[in-house]
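The next block is run_32.txt, given as compact mmCIF, C-alpha atoms.
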# COMPACT_ATOMS: atom_id res chain seq x y z
CA MET L 124 0.00 0.00 0.00
CA ASN L 125 1.43 3.38 -0.95
CA PRO L 126 1.55 6.23 1.58
CA LEU L 127 -1.49 7.99 0.09
CA GLU L 128 -3.59 4.83 0.38
CA VAL L 129 -2.42 4.34 3.97
CA LEU L 130 -3.36 7.93 4.78
CA ARG L 131 -6.79 7.58 3.20
CA HIS L 132 -7.34 4.28 5.02
CA ASP L 133 -6.40 5.92 8.32
CA LEU L 134 -8.68 8.89 7.64
CA LEU L 135 -11.58 6.61 6.76
CA GLY L 136 -11.00 4.74 10.02
CA MET L 137 -11.03 7.98 11.99
CA VAL L 138 -14.22 9.16 10.29
CA ALA L 139 -15.91 5.79 10.92
CA GLU L 140 -14.94 5.90 14.59
CA LEU L 141 -16.19 9.49 14.89
CA ARG L 142 -19.50 8.55 13.25
CA SER L 143 -19.86 5.54 15.55
CA THR L 144 -19.22 7.67 18.62
CA LEU L 145 -21.69 10.33 17.49
CA HIS L 146 -24.25 7.60 16.78
CA ASP L 147 -23.70 6.21 20.29
CA ILE L 148 -24.42 9.61 21.84
CA GLY L 149 -27.56 10.02 19.76
CA ASP L 150 -26.64 12.13 16.78
CA GLN L 151 -28.01 10.31 13.75
CA GLY L 152 -28.40 12.20 10.51
CA LEU L 153 -25.69 14.77 11.25
CA PRO L 154 -24.34 16.40 8.07
CA GLN L 155 -20.79 15.23 7.54
CA THR L 156 -19.45 18.75 7.18
CA ASN L 157 -20.52 19.56 10.74
CA VAL L 158 -19.27 16.43 12.51
CA VAL L 159 -16.15 17.95 14.09
CA SER L 160 -17.75 21.32 14.82
CA ASN L 161 -20.71 19.55 16.42
CA ALA L 162 -18.43 17.42 18.59
CA ARG L 163 -16.57 20.54 19.73
CA ASP L 164 -19.86 22.32 20.45
CA ARG L 165 -21.05 19.37 22.51
CA LEU L 166 -17.84 19.35 24.53
CA ARG L 167 -18.14 23.09 25.13
CA TYR L 168 -21.78 22.64 26.20
CA ILE L 169 -20.92 19.79 28.58
CA SER L 170 -18.09 21.82 30.06
CA ALA L 171 -20.36 24.83 30.63
CA LEU L 172 -23.13 22.74 32.23
CA THR L 173 -20.67 20.89 34.45
CA GLU L 174 -19.12 24.16 35.60
CA GLN L 175 -22.56 25.68 36.24
CA ALA L 176 -23.71 22.63 38.24
CA ALA L 177 -20.51 22.65 40.29
CA GLY L 178 -20.96 26.35 41.07
CA GLN L 179 -24.56 25.80 42.18
CA THR L 180 -23.53 22.84 44.34
CA LEU L 181 -20.71 24.77 45.99
CA ASN L 182 -22.95 27.78 46.67
CA ALA L 183 -25.63 25.57 48.22
CA VAL L 184 -23.12 23.65 50.36
CA GLU L 185 -21.51 26.87 51.59
CA ALA L 186 -24.94 28.30 52.51
CA ILE L 187 -25.82 25.11 54.41
CA ALA L 188 -22.46 25.12 56.18
CA ASP L 189 -22.94 28.76 57.26
CA ARG L 190 -26.39 28.00 58.69
CA GLN L 191 -25.04 24.96 60.51
CA ARG L 192 -22.18 26.96 62.06
CA ARG L 193 -24.66 29.54 63.38
CA GLN L 194 -27.00 26.83 64.72
CA LYS L 195 -24.12 24.98 66.35
CA ALA L 196 -22.96 28.18 68.07
CA ARG L 197 -26.50 28.93 69.30
CA ALA L 198 -26.90 25.35 70.54
CA ALA L 199 -23.60 25.61 72.42
CA ALA L 200 -24.71 28.88 74.03
CA LEU L 201 -28.09 27.44 75.00
CA VAL L 202 -26.62 24.28 76.57
CA GLY L 203 -25.26 26.36 79.44
CA LYS L 204 -28.53 28.23 79.95
CA THR L 205 -30.93 25.34 80.24
CA ARG L 206 -31.60 23.16 83.23
CA SER L 207 -33.71 20.65 81.33
CA PRO L 208 -31.81 17.39 80.78
CA GLN L 209 -33.89 16.66 77.68
CA VAL L 210 -33.20 20.04 76.09
CA ARG L 211 -29.53 19.79 77.05
CA ALA L 212 -29.31 16.29 75.48
CA PHE L 213 -31.03 17.56 72.34
CA LEU L 214 -28.67 20.52 72.03
CA LEU L 215 -25.61 18.32 72.51
CA GLU L 216 -26.95 15.87 69.93
CA LEU L 217 -27.64 18.79 67.59
CA GLN L 218 -24.03 19.97 67.98
CA ALA L 219 -22.74 16.46 67.21
CA ASP L 220 -25.01 16.18 64.15
CA HIS L 221 -23.79 19.58 62.92
CA GLU L 222 -20.20 18.38 63.30
CA LEU L 223 -20.98 15.32 61.14
CA SER L 224 -22.86 17.44 58.60
CA SER L 225 -19.92 19.84 58.45
CA GLY L 226 -17.68 16.91 57.53
CA ASP L 227 -20.16 15.84 54.84
CA ALA L 228 -20.26 19.39 53.46
CA ASN L 229 -16.46 19.41 53.27
CA ALA L 230 -16.56 16.07 51.43
CA ILE L 231 -18.97 17.56 48.88
CA ILE L 232 -16.73 20.58 48.40
CA GLU L 233 -13.70 18.34 47.90
CA ALA L 234 -15.63 16.17 45.44
CA GLN L 235 -16.35 19.25 43.36
CA ALA L 236 -12.64 19.40 42.61
CA PHE L 237 -13.50 16.58 40.20
CA GLN L 238 -15.43 19.10 38.10
CA ASP L 239 -12.30 21.15 37.71
CA LEU L 240 -10.45 18.10 36.41
CA VAL L 241 -13.33 17.25 34.06
CA GLY L 242 -13.33 20.82 32.78
CA GLN L 243 -9.58 20.70 32.16
CA VAL L 244 -9.87 17.41 30.27
CA ILE L 245 -12.79 18.69 28.19
CA ASN L 246 -10.90 21.88 27.35
CA LYS L 247 -7.87 19.82 26.27
CA LEU L 248 -10.17 17.65 24.14
CA MET L 249 -11.64 20.75 22.53
CA VAL L 250 -8.15 21.97 21.64
CA LEU L 251 -7.34 18.52 20.24
CA VAL L 252 -10.58 18.42 18.22
CA GLN L 253 -9.86 21.92 16.86
CA LYS L 254 -6.33 20.89 15.85
CA LEU L 255 -7.73 17.71 14.27
CA GLU L 256 -10.31 19.70 12.34
CA ASP L 257 -7.70 22.25 11.20
CA SER L 258 -5.33 19.47 10.15
CA LEU L 259 -8.03 17.61 8.24
CA VAL L 260 -9.18 20.78 6.49
CA HIS L 261 -5.58 21.64 5.64
CA LEU L 262 -4.97 18.10 4.39
CA LEU L 263 -8.12 18.08 2.28
CA VAL L 264 -7.49 21.55 0.83
CA GLU L 265 -3.85 20.72 0.16
CA ASP L 266 -4.89 17.43 -1.50
CA GLU L 267 -7.40 19.24 -3.74
CA VAL L 268 -4.88 21.94 -4.64
CA THR L 269 -2.27 19.29 -5.42
CA GLN L 270 -4.70 17.46 -7.66
CA LEU L 271 -5.87 20.58 -9.45
CA ALA L 272 -2.81 22.79 -9.66
CA GLY L 273 -0.23 22.90 -12.40
CA PRO L 274 0.70 20.60 -15.24
CA ALA L 275 1.02 16.84 -14.88
CA VAL L 276 4.38 15.82 -13.51
CA THR L 277 4.65 12.50 -15.30
CA PRO L 278 3.70 11.79 -18.91
CA ALA L 279 1.46 8.93 -17.73
CA ALA L 280 -0.59 11.35 -15.64
CA ALA L 281 -1.03 13.81 -18.51
CA VAL L 282 -4.48 14.19 -20.05
CA SER L 283 -4.66 14.29 -23.82
CA GLN L 284 -6.65 16.86 -25.77
CA ASP L 285 -8.86 14.01 -27.05
CA GLU L 286 -9.79 13.10 -23.47
CA ILE L 287 -10.69 16.71 -22.78
CA ASP L 288 -12.79 16.93 -25.94
CA ASP L 289 -14.57 13.67 -24.98
CA LEU L 290 -15.26 15.11 -21.54
CA PHE L 291 -16.94 18.22 -22.96
CA GLY L 292 -18.41 16.56 -26.02

Go through the file and emit its structure as structure tokens.
Amino acid sequence: MNPLEVLRHDLLGMVAELRSTLHDIGDQGLPQTNVVSNARDRLRYISALTEQAAGQTLNAVEAIADRQRRQKARAAALVGKTRSPQVRAFLLELQADHELSSGDANAIIEAQAFQDLVGQVINKLMVLVQKLEDSLVHLLVEDEVTQLAGPAVTPAAAVSQDEIDDLFG
């Protein structure tokens, strides 16, 4: 197989894999000219939604943590003011529960670091997809220009005037 055939075979494999992946994620009937742009748009959309969801989660967790800190402080202050053993037990239990919930809130905040990693990977994939698209466009344009530009290099590749006349005749 000559290098051009190997290249075309590799490109066909890449296009088939891209089509298969797009089919798997539910994009049947996509015009071929938009395949790479659509994949990049989807990655950008996923990145934006993931970042938005992470921001909402962090804001909600921080608000919950602030309320729990205030409640815990009030419960601690009230423990010393009450003589009721039941109320005192409840307030101590409330403080312990707030301590556990504070740990859970911290775990949620730490888990959101995953979003940052996902965003970084998606952004790197978008750069890769853009480079792939640019390279393919360059390759296709260069291939067309090579096929169309200038006289034939070898006598075997030359087209005779009779062939041209037959083409237009």

Exercise for review: For range 192-196 of chain L, list every protein, DNA or RNA residue within 9 Å, evaluated using only C-alpha atoms, and leave out those in the same chain fewer than 2 positions away; present the list as a list in words.
Suggested key: Ile187, Ala188, Asp189, Arg190, Ala198, Ala199, Ala200, Leu201, Leu214, Leu217, Gln218, Ala219, His221, Glu222 and Ser225 of chain L

Can you tell me, as a PDB file with C-alpha atoms, in the coordinates of the input, what residues are no more than 8 Å from range 167-172 of chain L when counting all atoms listed in the file, ignoring any on the same chain fewer than 6 positions away?
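New file selection-v1.pdb:
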ATOM      1  CA  VAL L 241     -13.330  17.250  34.060  1.00  0.00           C
ATOM      2  CA  GLY L 242     -13.330  20.820  32.780  1.00  0.00           C
ATOM      3  CA  ILE L 245     -12.790  18.690  28.190  1.00  0.00           C
ATOM      4  CA  ASN L 246     -10.900  21.880  27.350  1.00  0.00           C
ATOM      5  CA  MET L 249     -11.640  20.750  22.530  1.00  0.00           C
TER       6      MET L 249
END

Practice item. Choose the residue, out of L:Leu259, L:Ile232, L:Leu251, L:Met124, that has the smallest atom-to-atom separation from Thr180 in chain L; count all atoms listed in the file. Key: L:Ile232

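Compared by their closest atoms to Asp239 in chain L, and using all atoms listed in the file, the residues L:Leu215, L:Val202, L:Leu223, L:Ala176 rank with L:Ala176 nearest.
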